[in-house]
$ cat work_27.pdb   # PDB, C-alpha atoms
MODEL        1
ATOM      1  CA  MET A   1       0.727  21.103  -6.420
ATOM      2  CA  LYS A   2       3.791  23.274  -6.103
ATOM      3  CA  ARG A   3       6.624  21.955  -8.306
ATOM      4  CA  MET A   4      10.168  22.619  -7.225
ATOM      5  CA  GLY A   5      13.212  20.801  -8.467
ATOM      6  CA  ASP A   6      16.073  22.003  -6.390
ATOM      7  CA  ARG A   7      18.208  20.995  -3.471
ATOM      8  CA  GLU A   8      16.733  23.608  -1.179
ATOM      9  CA  GLU A   9      13.204  22.215  -1.525
ATOM     10  CA  PHE A  10      14.429  18.644  -1.011
ATOM     11  CA  GLU A  11      16.373  19.698   2.074
ATOM     12  CA  ARG A  12      13.142  21.142   3.430
ATOM     13  CA  CYS A  13      11.584  17.737   2.842
ATOM     14  CA  ALA A  14      14.493  16.047   4.662
ATOM     15  CA  GLU A  15      13.845  18.321   7.660
ATOM     16  CA  ILE A  16      10.193  17.268   7.603
ATOM     17  CA  VAL A  17      11.220  13.605   7.491
ATOM     18  CA  ARG A  18      13.629  14.134  10.384
ATOM     19  CA  GLY A  19      11.258  16.177  12.504
ATOM     20  CA  GLY A  20       7.962  14.530  11.632
ATOM     21  CA  CYS A  21       6.184  12.126  13.881
ATOM     22  CA  TRP A  22       5.638   9.466  11.252
ATOM     23  CA  SER A  23       3.760   6.345  12.229
ATOM     24  CA  TRP A  24       4.079   4.198   9.082
ATOM     25  CA  PHE A  25       6.706   3.607   6.404
ATOM     26  CA  LEU A  26       5.778   1.281   3.581
ATOM     27  CA  THR A  27       6.607   0.473  -0.020
ATOM     28  CA  LEU A  28       3.880   0.136  -2.638
ATOM     29  CA  LYS A  29       4.703  -1.697  -5.863
ATOM     30  CA  PHE A  30       2.982  -0.914  -9.156
ATOM     31  CA  PRO A  31       4.093  -3.813 -11.375
ATOM     32  CA  ARG A  32       4.582  -3.467 -15.111
ATOM     33  CA  VAL A  33       3.248  -6.997 -15.657
ATOM     34  CA  VAL A  34      -0.083  -7.994 -14.163
ATOM     35  CA  SER A  35      -0.818 -11.622 -13.308
ATOM     36  CA  SER A  36      -3.547 -13.227 -15.422
ATOM     37  CA  LYS A  37      -5.115 -14.267 -12.097
ATOM     38  CA  TYR A  38      -5.674 -10.640 -11.074
ATOM     39  CA  PRO A  39      -9.480 -10.365 -10.900
ATOM     40  CA  ALA A  40      -9.996  -6.606 -11.227
ATOM     41  CA  ILE A  41      -9.429  -3.702 -13.575
ATOM     42  CA  ARG A  42      -6.442  -1.861 -12.223
ATOM     43  CA  CYS A  43      -5.571   1.801 -12.155
ATOM     44  CA  ALA A  44      -3.872   3.077 -15.302
ATOM     45  CA  ASP A  45      -0.572   3.961 -13.627
ATOM     46  CA  ALA A  46       1.169   4.344 -10.288
ATOM     47  CA  GLU A  47       0.182   8.004  -9.973
ATOM     48  CA  GLU A  48      -3.541   7.309 -10.405
ATOM     49  CA  ALA A  49      -3.323   4.350  -8.029
ATOM     50  CA  PHE A  50      -1.612   6.429  -5.351
ATOM     51  CA  MET A  51      -4.149   9.242  -5.674
ATOM     52  CA  VAL A  52      -7.059   6.791  -5.286
ATOM     53  CA  TRP A  53      -5.385   4.882  -2.439
ATOM     54  CA  PHE A  54      -4.286   7.979  -0.554
ATOM     55  CA  GLY A  55      -7.613   9.714  -1.189
ATOM     56  CA  GLU A  56      -9.479   6.829   0.396
ATOM     57  CA  ALA A  57      -7.096   6.667   3.371
ATOM     58  CA  ASN A  58      -7.281  10.418   3.793
ATOM     59  CA  SER A  59     -11.091  10.324   3.749
ATOM     60  CA  ALA A  60     -10.977   7.773   6.541
ATOM     61  CA  TYR A  61      -8.274   9.368   8.710
ATOM     62  CA  GLY A  62      -8.007  13.060   7.782
ATOM     63  CA  ARG A  63      -7.926  15.392  10.763
ATOM     64  CA  GLY A  64      -9.842  18.343  12.069
ATOM     65  CA  PRO A  65     -13.299  19.760  11.417
ATOM     66  CA  GLY A  66     -12.782  20.020   7.664
ATOM     67  CA  LYS A  67     -10.663  16.854   7.731
ATOM     68  CA  SER A  68      -7.298  18.369   6.889
ATOM     69  CA  PRO A  69      -5.195  15.894   4.922
ATOM     70  CA  ILE A  70      -2.889  13.431   6.605
ATOM     71  CA  PRO A  71       0.747  14.321   5.883
ATOM     72  CA  TYR A  72       2.881  12.144   3.640
ATOM     73  CA  VAL A  73       6.264  11.887   1.971
ATOM     74  CA  ARG A  74       6.664   9.623  -1.029
ATOM     75  CA  VAL A  75       9.674   8.667  -3.092
ATOM     76  CA  ILE A  76       8.915   7.581  -6.666
ATOM     77  CA  GLU A  77      11.382   4.909  -7.766
ATOM     78  CA  LYS A  78      11.102   3.800 -11.403
ATOM     79  CA  LYS A  79      12.812   0.463 -11.910
ATOM     80  CA  GLU A  80      14.469  -0.658 -15.150
ATOM     81  CA  THR A  81      11.940  -3.497 -15.294
ATOM     82  CA  GLY A  82       9.104  -0.984 -15.698
ATOM     83  CA  ASP A  83       7.855  -1.505 -12.154
ATOM     84  CA  VAL A  84       7.314   1.569  -9.975
ATOM     85  CA  LEU A  85       8.011   1.520  -6.247
ATOM     86  CA  LEU A  86       6.499   4.200  -4.036
ATOM     87  CA  HIS A  87       8.249   4.496  -0.670
ATOM     88  CA  VAL A  88       5.726   6.277   1.538
ATOM     89  CA  LEU A  89       5.841   7.844   4.995
ATOM     90  CA  LEU A  90       2.431   8.487   6.545
ATOM     91  CA  ASN A  91       1.033   9.652   9.804
ATOM     92  CA  GLY A  92      -2.471   8.908  11.006
ATOM     93  CA  VAL A  93      -3.314   5.392   9.788
ATOM     94  CA  PRO A  94      -4.023   3.223  12.853
ATOM     95  CA  ASP A  95      -1.748   0.196  13.252
ATOM     96  CA  GLU A  96      -4.692  -2.194  13.271
ATOM     97  CA  MET A  97      -5.846  -0.907   9.853
ATOM     98  CA  GLN A  98      -2.526  -1.097   8.012
ATOM     99  CA  TRP A  99      -3.217  -4.618   6.750
ATOM    100  CA  PHE A 100      -6.417  -3.299   5.154
ATOM    101  CA  TRP A 101      -4.519  -0.552   3.275
ATOM    102  CA  ARG A 102      -1.819  -2.957   2.068
ATOM    103  CA  HIS A 103      -4.586  -5.192   0.687
ATOM    104  CA  ARG A 104      -6.391  -2.195  -0.817
ATOM    105  CA  TRP A 105      -3.224  -1.371  -2.772
ATOM    106  CA  TRP A 106      -3.261  -4.891  -4.243
ATOM    107  CA  GLU A 107      -6.932  -4.437  -5.209
ATOM    108  CA  LEU A 108      -6.093  -1.245  -7.087
ATOM    109  CA  THR A 109      -2.859  -2.382  -8.756
ATOM    110  CA  SER A 110      -2.165  -6.143  -8.430
ATOM    111  CA  GLY A 111       1.047  -5.031  -6.726
ATOM    112  CA  GLY A 112       2.434  -5.817  -3.327
ATOM    113  CA  ALA A 113       2.739  -3.526  -0.341
ATOM    114  CA  TRP A 114       5.082  -4.105   2.539
ATOM    115  CA  ASP A 115       6.143  -2.358   5.713
ATOM    116  CA  ARG A 116       9.592  -0.805   6.057
ATOM    117  CA  ILE A 117      11.577  -0.189   9.208
ATOM    118  CA  LEU A 118      10.879   3.310  10.478
ATOM    119  CA  ASP A 119      13.923   4.499  12.411
ATOM    120  CA  SER A 120      16.770   7.008  12.398
ATOM    121  CA  ARG A 121      18.019   5.619   9.050
ATOM    122  CA  THR A 122      14.822   6.529   7.191
ATOM    123  CA  GLU A 123      16.032  10.025   6.296
ATOM    124  CA  GLY A 124      19.301   8.559   4.953
ATOM    125  CA  LEU A 125      17.404   6.139   2.723
ATOM    126  CA  ILE A 126      15.263   8.937   1.301
ATOM    127  CA  ARG A 127      18.396  11.044   0.691
ATOM    128  CA  TYR A 128      20.072   8.099  -1.063
ATOM    129  CA  LEU A 129      17.062   7.515  -3.309
ATOM    130  CA  PHE A 130      16.870  11.222  -4.208
ATOM    131  CA  TYR A 131      20.541  12.075  -4.692
ATOM    132  CA  LYS A 132      22.052   8.764  -5.827
ATOM    133  CA  GLN A 133      19.178   6.897  -7.484
ATOM    134  CA  LYS A 134      17.646  10.097  -8.945
ATOM    135  CA  CYS A 135      14.156   9.342  -7.619
ATOM    136  CA  ALA A 136      11.586  12.128  -7.411
ATOM    137  CA  VAL A 137      10.213  13.006  -3.983
ATOM    138  CA  GLU A 138       6.858  14.503  -3.137
ATOM    139  CA  TYR A 139       5.759  15.687   0.259
ATOM    140  CA  SER A 140       2.479  17.072   1.470
ATOM    141  CA  ILE A 141       1.932  18.922   4.697
ATOM    142  CA  SER A 142      -1.480  20.523   5.271
ATOM    143  CA  TYR A 143      -2.930  21.425   1.890
ATOM    144  CA  ILE A 144       0.278  22.001  -0.090
ATOM    145  CA  SER A 145       2.117  19.292  -2.018
ATOM    146  CA  THR A 146       5.676  19.879  -3.194
ATOM    147  CA  TYR A 147       7.330  17.793  -5.902
ATOM    148  CA  CYS A 148      11.139  17.626  -6.102
ATOM    149  CA  GLU A 149      12.824  16.253  -9.217
ATOM    150  CA  ALA A 150      16.207  14.754  -8.428
ATOM    151  CA  ALA A 151      17.661  15.557 -11.851
ATOM    152  CA  LYS A 152      16.929  19.265 -11.377
ATOM    153  CA  ALA A 153      18.569  19.297  -7.947
ATOM    154  CA  GLU A 154      21.956  19.198  -9.672
ATOM    155  CA  GLU A 155      21.236  22.050 -12.096
TER     156      GLU A 155
ENDMDL
END

$ encode --input "work_27.pdb" --output "structure tokens"
Amino acid sequence: MKRMGDREEFERCAEIVRGGCWSWFLTLKFPRVVSSKYPAIRCADAEEAFMVWFGEANSAYGRGPGKSPIPYVRVIEKKETGDVLLHVLLNGVPDEMQWFWRHRWWELTSGGAWDRILDSRTEGLIRYLFYKQKCAVEYSISYISTYCEAAKAEE
């Protein structure tokens, strides 16, 4: 993963959000507190859970002969409560399978997953979360992931 923490890299991400043909925008919650009724052993943290979840989705829907990865953008929002929200843009998961992937997130984390409105305001929301809420943003196109730290964008 390439790590960049500046405005220029984030602006490149914003261009990708604006110009991409995204098919799904959802939020994945990794709760700090797990219900006692949760029947499974969950992933250790939001990062591990996302890597497992995305890895499985990518195995199912990756493209091309060598199954090149499906593109994504994710915003990592750490709440004061200790919960982590991952706001994720994806392309390539069929509409009829999205319920399965929301449920799969619950199986891995005990957290909820819900759809977001994907429209012309999506880029503005991602900008707000990066610049105002100081959320990190990661995007992956082809085989390269880039991580942008909001705090370093102001340095």

$ atom_distance --input "work_27.pdb" --atom1 "CA of Tyr131 (chain A)" --atom2 "CA of Thr146 (chain A)"
16.9 Å

$ closest_residue --input "work_27.pdb" --among "A:Asp45, A:Glu15, A:Val73, A:Trp22" --to "Ile141 (chain A)" --atoms "all atoms listed in the file"
A:Val73

$ closest_atom_pairs --input "work_27.pdb" --of "region 18-49 of chain A" --to "region 88-92 of chain A" --cutoff "12 Å" --atoms "only C-alpha atoms" --output "tab-separated table"
residue	atom	partner	partner_atom	distance
A:Arg18	CA	A:Leu89	CA	11.4
A:Gly20	CA	A:Asn91	CA	8.7
A:Cys21	CA	A:Asn91	CA	7.0
A:Trp22	CA	A:Asn91	CA	4.8
A:Ser23	CA	A:Asn91	CA	4.9
A:Trp24	CA	A:Leu90	CA	5.2
A:Phe25	CA	A:Leu89	CA	4.5
A:Leu26	CA	A:Val88	CA	5.4
A:Thr27	CA	A:Val88	CA	6.1
A:Leu28	CA	A:Val88	CA	7.7
A:Lys29	CA	A:Val88	CA	10.9

$ closest_residue --input "work_27.pdb" --among "A:Ala57, A:Val137, A:Ala113, A:Cys148" --to "Leu125 (chain A)" --atoms "only C-alpha atoms"
A:Val137

$ atom_distance --input "work_27.pdb" --atom1 "CA of Ala14 (chain A)" --atom2 "CA of Lys132 (chain A)"
14.8 Å

$ resolve_selection --input "work_27.pdb" --expression "the PyMOL selection byres ((chain A and resi 77) around 8)" --output "PDB file with C-alpha atoms, in the coordinates of the input"
ATOM      1  CA  VAL A  75       9.674   8.667  -3.092  1.00  0.00           C
ATOM      2  CA  ILE A  76       8.915   7.581  -6.666  1.00  0.00           C
ATOM      3  CA  LYS A  78      11.102   3.800 -11.403  1.00  0.00           C
ATOM      4  CA  LYS A  79      12.812   0.463 -11.910  1.00  0.00           C
ATOM      5  CA  VAL A  84       7.314   1.569  -9.975  1.00  0.00           C
ATOM      6  CA  LEU A  85       8.011   1.520  -6.247  1.00  0.00           C
ATOM      7  CA  LEU A  86       6.499   4.200  -4.036  1.00  0.00           C
ATOM      8  CA  HIS A  87       8.249   4.496  -0.670  1.00  0.00           C
ATOM      9  CA  LEU A 129      17.062   7.515  -3.309  1.00  0.00           C
ATOM     10  CA  CYS A 135      14.156   9.342  -7.619  1.00  0.00           C
ATOM     11  CA  ALA A 136      11.586  12.128  -7.411  1.00  0.00           C
TER      12      ALA A 136
END

$ residues_near_point --input "work_27.pdb" --point "(-8.1, -2.3, -7.7)" --cutoff "12 Å" --atoms "all atoms listed in the file" --output "ChimeraX atom specification"
/A:30,34,38-46,48-50,52-53,101-112

$ atom_distance --input "work_27.pdb" --atom1 "CA of Gly19 (chain A)" --atom2 "CA of Pro71 (chain A)"
12.6 Å

$ closest_residue --input "work_27.pdb" --among "A:Leu118, A:Val33, A:Val17, A:Met97" --to "Ala60 (chain A)" --atoms "all atoms listed in the file"
A:Met97
